[in-house]
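What's in entry-v6.cif: mmCIF, C-alpha atoms
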```
data_query
#
loop_
_atom_site.label_atom_id
_atom_site.label_comp_id
_atom_site.auth_asym_id
_atom_site.auth_seq_id
_atom_site.Cartn_x
_atom_site.Cartn_y
_atom_site.Cartn_z
CA MET A 1 -42.91 -11.67 59.82
CA LYS A 2 -40.41 -9.85 62.01
CA LEU A 3 -36.72 -10.37 61.16
CA SER A 4 -33.90 -9.80 63.59
CA LEU A 5 -30.94 -7.56 62.69
CA PRO A 6 -28.47 -10.46 62.27
CA ILE A 7 -30.88 -12.19 59.89
CA LEU A 8 -31.33 -8.98 57.92
CA ALA A 9 -27.54 -8.61 57.72
CA LEU A 10 -27.23 -12.17 56.47
CA LEU A 11 -29.91 -11.53 53.88
CA ALA A 12 -28.07 -8.38 52.74
CA ALA A 13 -24.82 -10.32 52.47
CA GLY A 14 -26.64 -13.03 50.52
CA LEU A 15 -28.05 -10.48 48.11
CA ALA A 16 -24.58 -9.03 47.60
CA LEU A 17 -23.18 -12.45 46.81
CA ALA A 18 -26.05 -13.18 44.46
CA ALA A 19 -25.29 -9.98 42.58
CA GLY A 20 -21.62 -10.93 42.32
CA LEU A 21 -19.99 -9.13 45.22
CA GLN A 22 -17.50 -11.54 46.68
CA PRO A 23 -16.15 -11.07 50.20
CA LEU A 24 -12.46 -10.19 50.29
CA ASP A 25 -10.11 -10.50 53.23
CA GLU A 26 -6.37 -9.93 53.59
CA ALA A 27 -5.43 -13.38 52.29
CA GLY A 28 -7.86 -13.03 49.41
CA TYR A 29 -6.17 -9.80 48.34
CA GLN A 30 -2.78 -11.51 48.27
CA GLN A 31 -4.28 -14.37 46.26
CA LEU A 32 -5.78 -11.86 43.86
CA LEU A 33 -2.38 -10.24 43.31
CA ALA A 34 -0.73 -13.62 42.79
CA SER A 35 -3.34 -14.89 40.36
CA SER A 36 -3.26 -11.67 38.32
CA LYS A 37 0.39 -11.97 37.35
CA GLY A 38 0.69 -11.84 33.58
CA LYS A 39 -1.97 -9.15 33.41
CA VAL A 40 -1.95 -5.48 34.23
CA LEU A 41 -4.12 -5.14 37.31
CA VAL A 42 -6.06 -2.06 38.38
CA VAL A 43 -7.70 -2.23 41.81
CA ASN A 44 -10.21 0.47 42.67
CA PHE A 45 -11.33 0.88 46.28
CA TRP A 46 -14.71 2.58 46.49
CA ALA A 47 -17.77 2.76 48.72
CA THR A 48 -21.46 3.49 48.39
CA TRP A 49 -21.01 6.39 50.84
CA CYS A 50 -18.23 7.94 48.73
CA ALA A 51 -19.62 10.40 46.18
CA PRO A 52 -16.40 10.82 44.14
CA CYS A 53 -16.09 7.04 44.00
CA ARG A 54 -19.55 6.67 42.51
CA LYS A 55 -18.87 9.54 40.12
CA GLU A 56 -15.65 8.12 38.67
CA MET A 57 -16.83 4.51 38.36
CA PRO A 58 -18.45 4.77 34.88
CA GLU A 59 -15.23 6.18 33.42
CA LEU A 60 -13.20 3.43 35.06
CA VAL A 61 -15.58 0.78 33.78
CA ALA A 62 -15.32 2.20 30.25
CA LEU A 63 -11.52 2.23 30.47
CA ALA A 64 -11.54 -1.35 31.71
CA ALA A 65 -13.63 -2.44 28.73
CA LYS A 66 -11.37 -0.56 26.31
CA TYR A 67 -8.21 -2.35 27.43
CA ARG A 68 -9.54 -5.73 28.60
CA ALA A 69 -8.50 -7.51 25.39
CA LYS A 70 -4.96 -6.19 25.79
CA GLY A 71 -4.61 -7.82 29.17
CA LEU A 72 -6.07 -5.39 31.67
CA GLN A 73 -7.83 -6.80 34.69
CA PHE A 74 -10.00 -4.30 36.54
CA VAL A 75 -11.06 -5.20 40.06
CA THR A 76 -13.19 -3.24 42.49
CA VAL A 77 -13.35 -3.54 46.26
CA ALA A 78 -16.34 -1.98 48.01
CA ILE A 79 -15.42 -0.58 51.43
CA ASP A 80 -18.90 -1.05 52.80
CA GLU A 81 -20.28 -2.59 55.93
CA GLU A 82 -22.65 -5.55 55.69
CA SER A 83 -25.60 -3.22 56.18
CA ASP A 84 -24.73 -1.54 52.85
CA ALA A 85 -23.90 -4.73 50.95
CA ALA A 86 -27.16 -4.81 49.00
CA THR A 87 -26.75 -1.14 47.97
CA ALA A 88 -23.19 -1.85 46.85
CA ALA A 89 -24.32 -4.86 44.83
CA GLU A 90 -27.07 -2.81 43.23
CA PHE A 91 -24.55 -0.11 42.23
CA VAL A 92 -22.20 -2.72 40.75
CA ALA A 93 -25.00 -4.28 38.70
CA LYS A 94 -26.42 -0.95 37.54
CA ASN A 95 -23.03 0.36 36.44
CA LYS A 96 -22.00 -2.93 34.82
CA VAL A 97 -18.87 -3.07 36.96
CA PRO A 98 -16.94 -6.10 35.70
CA GLN A 99 -16.23 -9.19 37.74
CA PRO A 100 -14.56 -9.94 39.98
CA ALA A 101 -16.12 -7.30 42.21
CA TYR A 102 -15.42 -7.61 45.90
CA ILE A 103 -16.69 -6.27 49.19
CA LYS A 104 -14.38 -5.82 52.16
CA ARG A 105 -14.41 -8.36 54.92
CA PHE A 106 -11.00 -7.52 56.35
CA ARG A 107 -10.04 -8.73 59.78
CA ASN A 108 -8.31 -5.41 60.45
CA ASP A 109 -8.97 -2.34 58.30
CA GLU A 110 -5.84 -0.56 59.44
CA LYS A 111 -3.50 -3.42 58.63
CA PHE A 112 -5.20 -3.94 55.29
CA ILE A 113 -4.73 -0.28 54.35
CA SER A 114 -1.01 -0.45 55.16
CA MET A 115 -0.68 -3.76 53.31
CA VAL A 116 -2.10 -2.25 50.11
CA ASP A 117 0.14 0.81 50.37
CA PRO A 118 1.99 2.22 53.38
CA ARG A 119 1.34 5.75 52.08
CA TRP A 120 -2.42 5.25 51.99
CA SER A 121 -4.22 6.87 54.91
CA GLY A 122 -7.54 5.20 54.09
CA GLY A 123 -9.20 8.02 52.17
CA LEU A 124 -11.45 6.94 49.31
CA PRO A 125 -11.44 6.58 46.41
CA PHE A 126 -8.05 4.92 46.04
CA THR A 127 -6.77 3.15 42.95
CA VAL A 128 -3.68 0.99 42.54
CA VAL A 129 -2.00 -0.14 39.33
CA TYR A 130 0.15 -3.28 39.19
CA ASP A 131 2.22 -4.32 36.17
CA ARG A 132 2.30 -7.81 34.64
CA THR A 133 4.92 -8.96 37.14
CA GLY A 134 2.73 -7.94 40.06
CA ARG A 135 4.82 -4.89 40.88
CA LYS A 136 2.90 -1.90 42.14
CA VAL A 137 3.66 0.91 39.72
CA ARG A 138 1.24 3.70 40.58
CA VAL A 139 -1.35 4.73 43.13
CA PHE A 140 -4.08 7.31 42.69
CA PRO A 141 -5.25 8.72 46.03
CA GLY A 142 -8.60 10.42 45.60
CA GLU A 143 -10.35 10.69 42.26
CA VAL A 144 -8.41 9.20 39.39
CA ASN A 145 -7.12 11.47 36.67
CA ILE A 146 -8.44 9.25 33.91
CA ARG A 147 -6.00 10.61 31.31
CA GLU A 148 -3.03 9.86 33.57
CA LEU A 149 -4.38 6.40 34.32
CA GLU A 150 -4.82 5.67 30.62
CA GLU A 151 -1.29 6.87 29.86
CA THR A 152 0.03 4.59 32.60
CA LEU A 153 -1.91 1.64 31.20
CA GLN A 154 -0.75 2.29 27.64
CA LYS A 155 2.86 2.08 28.82
CA LEU A 156 2.22 -1.18 30.65
CA LEU A 157 0.00 -3.02 28.15
CA MET B 1 20.41 10.72 49.37
CA THR B 2 21.54 10.58 52.97
CA THR B 3 19.58 8.59 55.49
CA LEU B 4 18.50 11.82 57.17
CA ALA B 5 17.41 13.34 53.88
CA ALA B 6 15.53 10.16 52.99
CA PHE B 7 13.77 10.26 56.34
CA ALA B 8 12.90 13.92 55.85
CA ALA B 9 11.53 13.13 52.40
CA ALA B 10 9.45 10.32 53.87
CA LEU B 11 8.06 12.69 56.47
CA VAL B 12 7.10 15.17 53.79
CA MET B 13 5.45 12.37 51.84
CA LEU B 14 3.45 11.35 54.89
CA GLY B 15 2.51 14.95 55.48
CA ALA B 16 4.16 15.30 58.88
CA PRO B 17 3.79 18.99 59.71
CA GLY B 18 6.55 19.28 62.31
CA LYS B 19 5.88 21.96 64.89
CA VAL B 20 2.47 23.63 64.81
CA ASP B 21 2.65 26.80 66.88
CA VAL B 22 -0.51 28.34 65.54
CA ILE B 23 -3.50 27.11 63.56
CA LYS B 24 -5.02 29.66 61.23
CA ALA B 25 -8.57 29.33 60.01
CA THR B 26 -11.74 31.39 59.69
CA ASP B 27 -14.91 31.18 61.70
CA LEU B 28 -18.15 30.47 59.90
CA ASP B 29 -18.79 34.22 59.56
CA GLY B 30 -15.54 34.56 57.67
CA LYS B 31 -13.50 36.19 60.43
CA PRO B 32 -9.88 35.05 60.78
CA VAL B 33 -9.09 32.92 63.83
CA GLU B 34 -5.70 32.03 65.23
CA ILE B 35 -5.29 29.27 67.78
CA GLN B 36 -2.06 29.01 69.73
CA THR B 37 -0.95 25.52 70.73
CA ALA B 38 1.92 26.18 73.15
CA GLY B 39 1.38 24.73 76.60
CA LYS B 40 -1.84 22.94 75.66
CA ILE B 41 -2.88 19.58 74.36
CA THR B 42 -4.78 20.27 71.17
CA ALA B 43 -6.97 17.87 69.19
CA VAL B 44 -7.43 18.95 65.58
CA ILE B 45 -10.21 17.07 63.79
CA PHE B 46 -10.96 17.51 60.10
CA ILE B 47 -14.67 16.93 59.59
CA SER B 48 -17.24 17.09 56.83
CA THR B 49 -20.90 17.99 56.54
CA GLN B 50 -21.63 15.46 53.82
CA CYS B 51 -19.32 12.53 54.46
CA PRO B 52 -21.33 9.66 55.99
CA ILE B 53 -18.27 8.40 57.85
CA SER B 54 -17.65 11.79 59.43
CA ASN B 55 -21.33 12.07 60.28
CA ASP B 56 -21.29 8.64 61.90
CA TYR B 57 -18.79 10.13 64.34
CA ASN B 58 -20.82 13.23 65.26
CA GLU B 59 -22.06 11.83 68.54
CA ARG B 60 -18.65 10.38 69.41
CA MET B 61 -16.99 13.73 68.68
CA LYS B 62 -19.50 15.48 70.89
CA ALA B 63 -18.83 13.00 73.69
CA LEU B 64 -15.06 13.42 73.35
CA TYR B 65 -15.39 17.19 73.43
CA ASN B 66 -17.66 17.06 76.47
CA GLU B 67 -15.28 14.73 78.28
CA PHE B 68 -11.92 16.28 77.46
CA SER B 69 -12.61 19.97 77.00
CA PRO B 70 -13.26 20.48 80.75
CA ARG B 71 -10.00 18.62 81.39
CA GLY B 72 -8.04 21.22 79.44
CA VAL B 73 -7.85 19.74 75.96
CA GLN B 74 -8.24 22.35 73.24
CA PHE B 75 -10.34 21.12 70.31
CA VAL B 76 -10.15 22.50 66.79
CA PHE B 77 -12.76 21.21 64.38
CA LEU B 78 -11.87 22.14 60.81
CA ASN B 79 -13.89 21.81 57.65
CA ALA B 80 -11.43 21.85 54.75
CA ASN B 81 -13.73 20.61 52.00
CA SER B 82 -13.90 23.11 49.15
CA THR B 83 -17.29 21.65 48.27
CA GLU B 84 -18.84 22.56 51.65
CA SER B 85 -19.57 26.23 52.31
CA SER B 86 -19.37 28.04 55.64
CA ALA B 87 -23.15 28.38 55.60
CA GLU B 88 -23.50 24.64 55.10
CA ALA B 89 -21.05 23.96 57.92
CA ALA B 90 -22.99 26.32 60.21
CA GLU B 91 -26.30 24.64 59.40
CA HIS B 92 -24.73 21.21 59.89
CA ALA B 93 -23.35 22.22 63.30
CA ARG B 94 -26.74 23.60 64.33
CA LYS B 95 -28.64 20.57 63.08
CA HIS B 96 -26.41 18.14 64.97
CA GLY B 97 -26.23 20.26 68.11
CA PHE B 98 -22.46 20.53 68.15
CA PRO B 99 -21.31 21.96 71.48
CA PHE B 100 -18.07 23.04 69.79
CA ARG B 101 -17.18 25.64 67.21
CA VAL B 102 -16.44 24.54 63.65
CA LEU B 103 -13.90 26.52 61.64
CA LYS B 104 -13.38 26.72 57.92
CA ASP B 105 -9.98 25.84 56.52
CA VAL B 106 -10.20 28.00 53.42
CA ASN B 107 -8.09 26.70 50.52
CA ASN B 108 -7.28 23.67 52.71
CA VAL B 109 -4.15 25.41 53.96
CA GLU B 110 -4.12 23.58 57.30
CA ALA B 111 -5.18 20.29 55.71
CA ASP B 112 -2.15 20.56 53.44
CA ARG B 113 0.15 21.47 56.32
CA PHE B 114 -1.07 18.60 58.49
CA GLY B 115 -1.30 16.16 55.60
CA ALA B 116 -4.94 15.56 56.45
CA GLU B 117 -6.44 13.31 53.84
CA PHE B 118 -9.84 12.11 54.94
CA THR B 119 -12.68 12.89 57.30
CA PRO B 120 -12.67 12.44 60.19
CA HIS B 121 -8.87 12.71 60.37
CA VAL B 122 -7.40 13.54 63.77
CA PHE B 123 -4.15 15.19 64.80
CA VAL B 124 -3.18 15.63 68.42
CA ILE B 125 -0.63 18.33 69.21
CA GLY B 126 1.32 18.11 72.44
CA LYS B 127 2.16 20.93 74.83
CA ASN B 128 5.43 21.48 72.95
CA SER B 129 3.44 22.08 69.73
CA GLU B 130 4.65 18.85 68.12
CA VAL B 131 2.14 16.51 66.50
CA ILE B 132 2.05 13.44 68.74
CA TYR B 133 -0.78 11.47 67.13
CA ARG B 134 -2.33 11.29 63.68
CA GLY B 135 -5.07 9.02 62.49
CA ALA B 136 -8.54 7.82 63.40
CA ILE B 137 -10.84 8.52 66.31
CA ASP B 138 -11.31 4.80 66.93
CA ASP B 139 -11.20 1.51 65.07
CA SER B 140 -14.77 1.12 63.85
CA ARG B 141 -17.26 3.14 61.87
CA PRO B 142 -20.19 1.34 63.56
CA ALA B 143 -20.05 2.63 67.13
CA ASP B 144 -21.17 -0.70 68.56
CA LYS B 145 -18.12 -2.48 67.09
CA VAL B 146 -15.44 -0.21 68.51
CA THR B 147 -12.69 -2.12 70.29
CA ARG B 148 -9.99 0.55 70.43
CA ARG B 149 -10.62 4.21 71.25
CA TYR B 150 -7.43 5.72 69.89
CA LEU B 151 -8.14 9.40 70.46
CA GLN B 152 -9.54 8.88 73.94
CA ASP B 153 -6.53 6.76 74.91
CA VAL B 154 -4.05 9.25 73.44
CA LEU B 155 -5.65 12.20 75.23
CA ASN B 156 -5.78 10.35 78.54
CA ALA B 157 -2.12 9.40 78.22
CA ALA B 158 -1.06 12.89 77.14
CA LEU B 159 -2.94 14.51 80.04
CA ALA B 160 -1.34 12.08 82.48
CA GLY B 161 2.12 12.60 80.98
CA LYS B 162 2.35 8.91 80.17
CA PRO B 163 3.72 7.26 77.00
CA LEU B 164 1.19 7.27 74.20
CA PRO B 165 -0.41 3.90 73.43
CA VAL B 166 -0.34 4.70 69.71
CA THR B 167 1.03 7.51 67.56
CA GLU B 168 -0.42 6.76 64.14
CA THR B 169 -3.44 4.83 62.89
CA LYS B 170 -5.32 4.47 59.63
CA ALA B 171 -8.98 4.20 58.77
CA PHE B 172 -11.29 4.39 55.82
CA GLY B 173 -12.86 7.78 55.26
CA CYS B 174 -13.95 10.34 52.70
CA THR B 175 -11.12 12.09 50.93
CA ILE B 176 -10.93 15.81 51.70
CA LYS B 177 -12.11 17.74 48.64
CA ARG B 178 -9.27 20.18 48.05
CA VAL B 179 -9.23 23.30 45.92
CA LYS B 180 -7.28 22.93 42.71
CA LYS B 181 -4.04 24.87 43.10
CA SER B 182 -1.75 25.83 40.26
CA THR B 183 1.72 24.36 40.60
#
```
Here is the file; what I need is its structure written in the form of structure tokens.
Amino acid sequence: MKLSLPILALLAAGLALAAGLQPLDEAGYQQLLASSKGKVLVVNFWATWCAPCRKEMPELVALAAKYRAKGLQFVTVAIDEESDAATAAEFVAKNKVPQPAYIKRFRNDEKFISMVDPRWSGGLPFTVVYDRTGRKVRVFPGEVNIRELEETLQKLL
Amino acid sequence: MTTLAAFAAALVMLGAPGKVDVIKATDLDGKPVEIQTAGKITAVIFISTQCPISNDYNERMKALYNEFSPRGVQFVFLNANSTESSAEAAEHARKHGFPFRVLKDVNNVEADRFGAEFTPHVFVIGKNSEVIYRGAIDDSRPADKVTRRYLQDVLNAALAGKPLPVTETKAFGCTIKRVKKST
């Protein structure tokens, strides 16, 4: 059986969904922020093509587990195209990345980047910390300094 | 803080380099290179050997160089990643048949000055040595989904002496791997 590229892309997207990668657009990000009020929220933007992102993920996942009971919500957003959706889903499953785990489906990458943080150029990884009121309190461009992130969380939780 | 001081602080935060009279780097044999910008339109592009995003732009960068270099645009391709050696950059350039020279930005000095953060990150310097554009090459990693060709449009406008269609854009890319500097 010969499958066309659009059908393969749909299959990849389906696999990603099955593995728990939910599509996220601009409105979805705002909803996520709104629904996370009352918790400390850490959002990590990563991609399958980003080596430092893959490297830091296990530490972030461990930190998320450590502070989950205290009210930490850890959310990941994969900055991958549909063609890499299955690879992203596989990485999430293998590394036991907690849910909700998202994959980008932004209408406009540039506007999304500015919406998350005007100082962000788009380089990955990028991690944002919000306090319980939904206020953005810290951003980590590039690889997270895990000690600094933990200190930030301890102050907020 | 005065409004002017606040604006200056914001510029520093965004990494605006101000006037760039000369770009200092080393060639892939380790020899120092200085590139003057006065009187020329210069496109500085920070690239990577390993970053898949940067590599997705190899053919587009070659096409831009082949189109605009004969029209007088000076291109400076810089590799500022501390994790990528000169030998690796040379092999990468050979493998991909780059028609342009790649330079090494040792200790990411120019990346710091420009505020370059990811690859491929572009800075266009005008004839007066001021940075007139910073951002992405275009608006889509997959070449077949490009709708806006930022760098091409900026260079065409700059060459024609027309207002630039855009001065700053953002895009997803690989963070430049900087050397750790003591503070």
At most 10 Å is the cut-off: for each residue in chain A with any atom that close to an atom of chain B, write down the nearest atom pair and the distance in Å rounded to one decimal, counting only C-alpha atoms, chain first then increasing number, as JSON lines.
```
{"residue": "A:Trp46", "atom": "CA", "partner": "B:Cys174", "partner_atom": "CA", "distance": 10.0}
{"residue": "A:Ala47", "atom": "CA", "partner": "B:Cys174", "partner_atom": "CA", "distance": 9.4}
{"residue": "A:Thr48", "atom": "CA", "partner": "B:Pro52", "partner_atom": "CA", "distance": 9.8}
{"residue": "A:Trp49", "atom": "CA", "partner": "B:Pro52", "partner_atom": "CA", "distance": 6.1}
{"residue": "A:Cys50", "atom": "CA", "partner": "B:Cys174", "partner_atom": "CA", "distance": 6.3}
{"residue": "A:Ala51", "atom": "CA", "partner": "B:Cys51", "partner_atom": "CA", "distance": 8.6}
{"residue": "A:Pro52", "atom": "CA", "partner": "B:Thr175", "partner_atom": "CA", "distance": 8.7}
{"residue": "A:Cys53", "atom": "CA", "partner": "B:Cys174", "partner_atom": "CA", "distance": 9.5}
{"residue": "A:Ile79", "atom": "CA", "partner": "B:Phe172", "partner_atom": "CA", "distance": 7.8}
{"residue": "A:Asp80", "atom": "CA", "partner": "B:Phe172", "partner_atom": "CA", "distance": 9.8}
{"residue": "A:Glu81", "atom": "CA", "partner": "B:Pro142", "partner_atom": "CA", "distance": 8.6}
{"residue": "A:Asn108", "atom": "CA", "partner": "B:Asp139", "partner_atom": "CA", "distance": 8.8}
{"residue": "A:Asp109", "atom": "CA", "partner": "B:Ala171", "partner_atom": "CA", "distance": 6.6}
{"residue": "A:Glu110", "atom": "CA", "partner": "B:Lys170", "partner_atom": "CA", "distance": 5.1}
{"residue": "A:Lys111", "atom": "CA", "partner": "B:Lys170", "partner_atom": "CA", "distance": 8.2}
{"residue": "A:Phe112", "atom": "CA", "partner": "B:Lys170", "partner_atom": "CA", "distance": 9.5}
{"residue": "A:Ile113", "atom": "CA", "partner": "B:Lys170", "partner_atom": "CA", "distance": 7.1}
{"residue": "A:Ser114", "atom": "CA", "partner": "B:Lys170", "partner_atom": "CA", "distance": 7.9}
{"residue": "A:Pro118", "atom": "CA", "partner": "B:Leu14", "partner_atom": "CA", "distance": 9.4}
{"residue": "A:Arg119", "atom": "CA", "partner": "B:Leu14", "partner_atom": "CA", "distance": 6.6}
{"residue": "A:Trp120", "atom": "CA", "partner": "B:Lys170", "partner_atom": "CA", "distance": 8.2}
{"residue": "A:Ser121", "atom": "CA", "partner": "B:Lys170", "partner_atom": "CA", "distance": 5.4}
{"residue": "A:Gly122", "atom": "CA", "partner": "B:Phe172", "partner_atom": "CA", "distance": 4.2}
{"residue": "A:Gly123", "atom": "CA", "partner": "B:Thr175", "partner_atom": "CA", "distance": 4.7}
{"residue": "A:Leu124", "atom": "CA", "partner": "B:Thr175", "partner_atom": "CA", "distance": 5.4}
{"residue": "A:Pro125", "atom": "CA", "partner": "B:Thr175", "partner_atom": "CA", "distance": 7.1}
{"residue": "A:Phe126", "atom": "CA", "partner": "B:Thr175", "partner_atom": "CA", "distance": 9.2}
{"residue": "A:Pro141", "atom": "CA", "partner": "B:Thr175", "partner_atom": "CA", "distance": 8.4}
{"residue": "A:Gly142", "atom": "CA", "partner": "B:Thr175", "partner_atom": "CA", "distance": 6.1}
{"residue": "A:Glu143", "atom": "CA", "partner": "B:Thr175", "partner_atom": "CA", "distance": 8.8}
```
Output C-alpha atoms for every residue in the selection just made, as a compact mmCIF listing (two decimals), in the frame of the given file.
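Here's the written file out-v1.txt:
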```txt
# COMPACT_ATOMS: atom_id res chain seq x y z
CA TRP A 46 -14.71 2.58 46.49
CA ALA A 47 -17.77 2.76 48.72
CA THR A 48 -21.46 3.49 48.39
CA TRP A 49 -21.01 6.39 50.84
CA CYS A 50 -18.23 7.94 48.73
CA ALA A 51 -19.62 10.40 46.18
CA PRO A 52 -16.40 10.82 44.14
CA CYS A 53 -16.09 7.04 44.00
CA ILE A 79 -15.42 -0.58 51.43
CA ASP A 80 -18.90 -1.05 52.80
CA GLU A 81 -20.28 -2.59 55.93
CA ASN A 108 -8.31 -5.41 60.45
CA ASP A 109 -8.97 -2.34 58.30
CA GLU A 110 -5.84 -0.56 59.44
CA LYS A 111 -3.50 -3.42 58.63
CA PHE A 112 -5.20 -3.94 55.29
CA ILE A 113 -4.73 -0.28 54.35
CA SER A 114 -1.01 -0.45 55.16
CA PRO A 118 1.99 2.22 53.38
CA ARG A 119 1.34 5.75 52.08
CA TRP A 120 -2.42 5.25 51.99
CA SER A 121 -4.22 6.87 54.91
CA GLY A 122 -7.54 5.20 54.09
CA GLY A 123 -9.20 8.02 52.17
CA LEU A 124 -11.45 6.94 49.31
CA PRO A 125 -11.44 6.58 46.41
CA PHE A 126 -8.05 4.92 46.04
CA PRO A 141 -5.25 8.72 46.03
CA GLY A 142 -8.60 10.42 45.60
CA GLU A 143 -10.35 10.69 42.26
```
List the neighbours of region 99-108 of chain B out to 6 Å using all atoms listed in the file; skip same-chain residues closer than 4 positions along the sequence, and give me the result as a PDB file with C-alpha atoms, keeping the file's coordinate frame.
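Result written to result_8.pdb:
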```
ATOM      1  CA  ALA B  25      -8.570  29.330  60.010  1.00  0.00           C
ATOM      2  CA  THR B  26     -11.740  31.390  59.690  1.00  0.00           C
ATOM      3  CA  ASP B  27     -14.910  31.180  61.700  1.00  0.00           C
ATOM      4  CA  PHE B  77     -12.760  21.210  64.380  1.00  0.00           C
ATOM      5  CA  LEU B  78     -11.870  22.140  60.810  1.00  0.00           C
ATOM      6  CA  ASN B  79     -13.890  21.810  57.650  1.00  0.00           C
ATOM      7  CA  ALA B  80     -11.430  21.850  54.750  1.00  0.00           C
ATOM      8  CA  VAL B 179      -9.230  23.300  45.920  1.00  0.00           C
TER       9      VAL B 179
END
```
- [ ] Expand the PyMOL selection byres ((chain A and resi 33) around 12) into the individual residues it matches in the shown file, reporting them as a ChimeraX atom specification.
- [x] /A:26-32,34-43,73-75,116,128-136
- [ ] Measure the distance from CA of Asn145 (chain A) to CA of Asp112 (chain B) in Å and round it to one decimal.
- [x] 19.7 Å
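Rounded to one decimal, CA of Ile47 (chain B) and CA of Asn81 (chain B) lie 8.5 Å from each other.
Relative to CA of Phe123 (chain B), CA of Glu59 (chain B) is found at 18.6 Å.
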- [ ] For a cut-off of 12 Å around (-18.5, 8.0, 67.2), file coordinates, pick out all residues using all atoms listed in the file and list them as a ChimeraX atom specification.
- [x] /B:52-65,120,136-146,148-152
Open item on the list: Can you translate the PyMOL selection byres ((chain A and resi 60-64) around 8) into the concrete residues it hits in this file, as an NGL selection string?
Closed with: :A and (56-59 or 65-68 or 72-74 or 95-98 or 146 or 150)
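Evaluated against the shown file, the PyMOL selection byres ((chain B and resi 154-163) around 9) gives Ile41, Ala43, Phe68, Arg71, Gly72, Val73, Val124, Gly126, Lys127, Ile132, Tyr133, Arg149, Tyr150, Leu151, Gln152, Asp153, Leu164, Pro165, Val166 and Thr167 of chain B.
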Export C-alpha atoms of the chosen residues as a tab-separated table (two decimals), in the coordinates of the input?
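New file selection_1.tsv:
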```tsv
chain	number	residue	atom	x	y	z
B	41	ILE	CA	-2.88	19.58	74.36
B	43	ALA	CA	-6.97	17.87	69.19
B	68	PHE	CA	-11.92	16.28	77.46
B	71	ARG	CA	-10.00	18.62	81.39
B	72	GLY	CA	-8.04	21.22	79.44
B	73	VAL	CA	-7.85	19.74	75.96
B	124	VAL	CA	-3.18	15.63	68.42
B	126	GLY	CA	1.32	18.11	72.44
B	127	LYS	CA	2.16	20.93	74.83
B	132	ILE	CA	2.05	13.44	68.74
B	133	TYR	CA	-0.78	11.47	67.13
B	149	ARG	CA	-10.62	4.21	71.25
B	150	TYR	CA	-7.43	5.72	69.89
B	151	LEU	CA	-8.14	9.40	70.46
B	152	GLN	CA	-9.54	8.88	73.94
B	153	ASP	CA	-6.53	6.76	74.91
B	164	LEU	CA	1.19	7.27	74.20
B	165	PRO	CA	-0.41	3.90	73.43
B	166	VAL	CA	-0.34	4.70	69.71
B	167	THR	CA	1.03	7.51	67.56
```
Task: Given all atoms listed in the file as the counted atoms, nearest of B:Val22, B:Ile35, B:Ala89, B:Ile45 to Ala111 (chain B) - done: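 Ranking B:Val22, B:Ile35, B:Ala89, B:Ile45 by distance to Ala111 (chain B), first place goes to B:Ile45.
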As lines of an AutoDock Vina configuration file, please report the centre and edge lengths, rounded to one decimal in Å, of the axis-aligned box that holds all listed atoms of region 162-180 of chain B with 4 Å of padding on each of the six sides.
```
center_x = -5.1
center_y = 13.6
center_z = 61.4
size_x = 25.7
size_y = 27.4
size_z = 45.5
```
Task: Residue nearest Thr42 (chain B) among B:Thr147, B:Ser86, B:Gln74, B:Asn128 (counting only C-alpha atoms) - done: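 Under the stated criterion, the closest residue is B:Gln74.
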